[in-house]
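Since the structure comes first, as structure tokens, the remarks are kept for the end.
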Amino acid sequence: MALIIDGKKVSSAVKEDVKKSVEELKKQGVNPCLAVIIVGNNPASRTYVNNKKKACEETGIISKEIALDEGTSTEQLLEIIEKLNLDRDVNGILCQLPVPGHIDESKVISAISPDKDVDAFHAVNVGKLLQGVQSFQPCTPAGIIKMLDYYNIGIEGKNCVIIGRSNIVGKPMSMLLLQKNGTVTIAHSKTKNLKEITKTADILVAAVGRANFVTADMVKDGAVVIDVGINRNEDGKLCGDVLFDEVEKKASYITPVPGGVGPMTVSMLLENTVTAAKIQNNLK
Ligand code: GUN
């Protein structure tokens with residue numbers, strides 16, 4: 001039976017540290033501020049943005065929401081981002097993804113100043129991540145590393161298999177695991193013999209976006225299983241990419257959904273906002 005990795009607990013610990021850092025910054029006259037842009041009415045995005053704003057409030061970070069109509073054009077959005085880039089009171093900027101289909105997402109990502117890019121999506125920050133010299137941690141992957149650290153789960157020399165190659169999770173996750181000296185494999189929808197590969201994993205990260213995709217026969221005995229998925233099953237119930245009840249019996253550690261990776265993503269965003277405020281004010 002696996003031990004449950006409690007993302008809420010680890011996330012609270014990170015938030016406590018963020019809160020202390022924010023208090024220190026305020027004593028030095030710096031009020032960390034995160035601008036969050038949301039375009040349209042995607043209900044999942046609304047929930048994520050609300051969670052981010054609430055976490056800012058809990059830690060003393062100022063959050064500034066910019067809610068835009070579904071019909072906002074790429075040019076209008078870029079103009080707003082440019083104003084935020086120039087606003088000295090704003091330390092971090094994020095645009096919740098996905099944006100509506102008519103907006104050019106890559107232009108939006110490129111428009112956010114790399115110094116304020118607390119999602120670490122800009123090409124400059126992705127490049128730094130590749131070089132291992134990043135200032136901002138990609139939030140979801142960094143949250144996963146933080147959870148592994150918290151539970152003293154070593155990465156060095158371990159076989160790490162990631163299912164999913166997205167820019168937000170799969171690819172940056174591979175870089176962070178590599179930085180920690182893991183042996184990394186990325187599997188994806190075109191991978192052949194997926195089960196043979198996932199069964200070699202000491203650490204298995206599922207970031208597929210398909211409910212209950214990872215079954216017990218895909219998991220090695222004693223593996224650490226990290227579930228990044230946030231899906232709804234046929235009954236509308238929130239569930240991950242991992243068939244929890246089955247895999248829990250085989251794994252040594254497992255993250256639940258909800259209450260696993262999700263809360264960590266938000267905490268790492270707060271950490272990045274503090275980092276941005278420090279760098280912009282030449283503070284350590
Ligand atoms: N959509 C899903 N995950 C994320 C994230 O980490 N950041 C942003 N901006 N949008 C997302």
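Quick note on naming: the chains in the structure tokens go A, B, ... in the order shown, residues restart at 1 in each chain, and ligands are numbered from 1 in order of appearance.
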Q. Among region 195-260 of chain A, which ones does DSSP place in strand (DSSP E), written as a ChimeraX atom specification?
A. /A:203-206,224-227,231-232,238-239,253-254
Keeping only C-alpha atoms, take the residues you just selected and write them out as a PDB file, in the first residue's frame.
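Resulting contents of selection_31.pdb:
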ATOM      1  CA  ILE A 203       9.490   7.553 -10.634  1.00  0.00           C
ATOM      2  CA  LEU A 204       6.500   7.732 -12.985  1.00  0.00           C
ATOM      3  CA  VAL A 205       4.981  11.108 -13.845  1.00  0.00           C
ATOM      4  CA  ALA A 206       1.610  10.941 -15.602  1.00  0.00           C
ATOM      5  CA  VAL A 224       6.733   6.522  -6.966  1.00  0.00           C
ATOM      6  CA  VAL A 225       3.699   7.656  -8.961  1.00  0.00           C
ATOM      7  CA  ILE A 226       2.997  11.332  -9.581  1.00  0.00           C
ATOM      8  CA  ASP A 227      -0.352  12.215 -11.112  1.00  0.00           C
ATOM      9  CA  ASN A 231      -9.928  15.213 -15.460  1.00  0.00           C
ATOM     10  CA  ARG A 232     -13.602  14.476 -14.962  1.00  0.00           C
ATOM     11  CA  LEU A 238     -12.612  14.935 -10.493  1.00  0.00           C
ATOM     12  CA  CYS A 239      -9.939  12.329 -11.188  1.00  0.00           C
ATOM     13  CA  TYR A 253       4.288   6.673  -2.903  1.00  0.00           C
ATOM     14  CA  ILE A 254       1.419   8.210  -4.851  1.00  0.00           C
TER      15      ILE A 254
END
Q | Environment of ligand 1 within 9 Å, counting only C-alpha atoms and all ligand atoms, reported as a VMD selection string | A | chain A and resid 36 to 38 45 48 to 49 93 to 99 118 to 121 138 to 140 168 to 169 265 to 266 269
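Residues in contact with region 149-155 of chain A at 9 Å, where only C-alpha atoms are counted and same-chain residues fewer than 5 positions away are skipped, are listed as Ile5, Val10, Ile144, Cys160, Leu177, Leu178, Lys180, Asn181, Gly182, Thr183, Asp202, Ile203 and Val224 of chain A.
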I need the residues in region 39-115 of chain A that are alpha helix (DSSP H) according to DSSP; give them as a CSV table (one decimal) with N, CA and C atoms, in the first residue's frame.
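Dumped everything to part.csv:
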chain,number,residue,atom,x,y,z
A,43,PRO,N,-14.5,27.8,-17.5
A,43,PRO,CA,-14.8,27.6,-16.1
A,43,PRO,C,-13.6,27.0,-15.3
A,44,ALA,N,-12.8,26.1,-16.0
A,44,ALA,CA,-11.6,25.5,-15.3
A,44,ALA,C,-10.6,26.7,-15.1
A,45,SER,N,-10.4,27.5,-16.1
A,45,SER,CA,-9.5,28.6,-16.0
A,45,SER,C,-9.9,29.6,-14.9
A,46,ARG,N,-11.2,29.8,-14.8
A,46,ARG,CA,-11.7,30.7,-13.7
A,46,ARG,C,-11.4,30.1,-12.3
A,47,THR,N,-11.5,28.8,-12.2
A,47,THR,CA,-11.2,28.1,-10.9
A,47,THR,C,-9.7,28.3,-10.6
A,48,TYR,N,-8.9,28.0,-11.6
A,48,TYR,CA,-7.4,28.1,-11.4
A,48,TYR,C,-7.0,29.6,-11.0
A,49,VAL,N,-7.6,30.5,-11.7
A,49,VAL,CA,-7.3,31.9,-11.4
A,49,VAL,C,-7.7,32.3,-10.0
A,50,ASN,N,-8.9,31.9,-9.6
A,50,ASN,CA,-9.4,32.2,-8.3
A,50,ASN,C,-8.5,31.5,-7.2
A,51,ASN,N,-8.0,30.3,-7.5
A,51,ASN,CA,-7.1,29.7,-6.5
A,51,ASN,C,-5.8,30.5,-6.4
A,52,LYS,N,-5.3,31.0,-7.5
A,52,LYS,CA,-4.1,31.7,-7.5
A,52,LYS,C,-4.2,33.0,-6.7
A,53,LYS,N,-5.4,33.7,-7.0
A,53,LYS,CA,-5.6,35.0,-6.3
A,53,LYS,C,-5.8,34.7,-4.8
A,54,LYS,N,-6.4,33.6,-4.4
A,54,LYS,CA,-6.6,33.3,-3.0
A,54,LYS,C,-5.3,33.1,-2.3
A,55,ALA,N,-4.4,32.3,-3.0
A,55,ALA,CA,-3.1,32.0,-2.5
A,55,ALA,C,-2.3,33.3,-2.3
A,56,CYS,N,-2.4,34.2,-3.2
A,56,CYS,CA,-1.7,35.5,-3.1
A,56,CYS,C,-2.2,36.2,-1.8
A,57,GLU,N,-3.5,36.2,-1.6
A,57,GLU,CA,-4.0,36.9,-0.4
A,57,GLU,C,-3.5,36.3,0.9
A,58,GLU,N,-3.4,34.9,0.9
A,58,GLU,CA,-3.0,34.2,2.1
A,58,GLU,C,-1.5,34.5,2.4
A,59,THR,N,-0.7,34.9,1.4
A,59,THR,CA,0.7,35.1,1.7
A,59,THR,C,1.1,36.6,1.6
A,74,THR,N,-5.7,39.6,-30.3
A,74,THR,CA,-4.3,39.4,-29.9
A,74,THR,C,-3.7,40.7,-29.6
A,75,GLU,N,-3.9,41.7,-30.5
A,75,GLU,CA,-3.3,43.0,-30.4
A,75,GLU,C,-3.7,43.7,-29.1
A,76,GLN,N,-5.0,43.6,-28.8
A,76,GLN,CA,-5.4,44.2,-27.5
A,76,GLN,C,-4.7,43.6,-26.3
A,77,LEU,N,-4.6,42.3,-26.4
A,77,LEU,CA,-4.0,41.6,-25.3
A,77,LEU,C,-2.5,42.0,-25.2
A,78,LEU,N,-1.9,42.1,-26.3
A,78,LEU,CA,-0.4,42.4,-26.3
A,78,LEU,C,-0.2,43.8,-25.7
A,79,GLU,N,-1.2,44.7,-26.0
A,79,GLU,CA,-1.1,46.1,-25.5
A,79,GLU,C,-1.2,46.1,-24.0
A,80,ILE,N,-2.1,45.3,-23.5
A,80,ILE,CA,-2.3,45.2,-22.0
A,80,ILE,C,-1.0,44.6,-21.4
A,81,ILE,N,-0.4,43.6,-22.0
A,81,ILE,CA,0.8,43.0,-21.4
A,81,ILE,C,1.9,44.0,-21.4
A,82,GLU,N,2.0,44.8,-22.5
A,82,GLU,CA,3.1,45.8,-22.6
A,82,GLU,C,3.0,46.8,-21.4
A,83,LYS,N,1.8,47.2,-21.1
A,83,LYS,CA,1.6,48.1,-20.0
A,83,LYS,C,2.0,47.5,-18.7
A,84,LEU,N,1.7,46.2,-18.5
A,84,LEU,CA,2.1,45.5,-17.3
A,84,LEU,C,3.6,45.3,-17.2
A,85,ASN,N,4.2,45.1,-18.4
A,85,ASN,CA,5.7,45.0,-18.5
A,85,ASN,C,6.3,46.3,-17.9
A,86,LEU,N,5.7,47.4,-18.2
A,86,LEU,CA,6.3,48.7,-17.9
A,86,LEU,C,5.9,49.2,-16.5
A,105,GLU,N,-1.4,32.4,-29.2
A,105,GLU,CA,-0.8,32.1,-27.9
A,105,GLU,C,0.7,32.3,-27.8
A,106,SER,N,1.4,31.9,-28.9
A,106,SER,CA,2.8,32.1,-28.8
A,106,SER,C,3.2,33.5,-28.8
A,107,LYS,N,2.5,34.4,-29.4
A,107,LYS,CA,2.8,35.8,-29.4
A,107,LYS,C,2.6,36.4,-27.9
A,108,VAL,N,1.5,35.8,-27.3
A,108,VAL,CA,1.2,36.2,-25.9
A,108,VAL,C,2.4,35.8,-25.0
A,109,ILE,N,2.8,34.6,-25.1
A,109,ILE,CA,3.9,34.1,-24.3
A,109,ILE,C,5.2,34.9,-24.5
A,110,SER,N,5.4,35.2,-25.8
A,110,SER,CA,6.7,36.0,-26.1
A,110,SER,C,6.6,37.4,-25.6
A,111,ALA,N,5.4,38.0,-25.5
A,111,ALA,CA,5.2,39.4,-25.1
A,111,ALA,C,5.5,39.7,-23.6
Q: Mind giving me the straight-line distance from CA of Asn282 (chain A) to CA of Asn91 (chain A) in Å, one decimal?
A: 12.6 Å
Q) For Lys284 (chain A), which residue out of A:Asp69, A:Glu24, A:Asp221, A:Glu196 is the nearest one, using only C-alpha atoms? A) A:Glu24
Q | Gln131 (chain A) surroundings by only C-alpha atoms, 12 Å radius, close-in-sequence under 3 positions cut, as a list of chain:residue names | A |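 Residues meeting the cut-off are A:Val124, A:Asn125, A:Val126, A:Gly127, A:Lys128, A:Gln134, A:Ser135, A:Pro172, A:Met175, A:Leu176, A:Leu178, A:Gln179.
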Q.
When you count only C-alpha atoms, which of these residues is closest to Asp117 (chain A): A:Gly260, A:Gln137, A:Gly29, A:Asp87?
A.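 Once distances to Asp117 (chain A) are computed over only C-alpha atoms, the minimum belongs to A:Gln137.
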Q: Rank nothing, just name the residue among A:Thr198, A:Asn42, A:Asn159, A:Asn233 nearest to Ala216 (chain A), using only C-alpha atoms.
A: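 Distance minimum relative to Ala216 (chain A) lands on A:Thr198.
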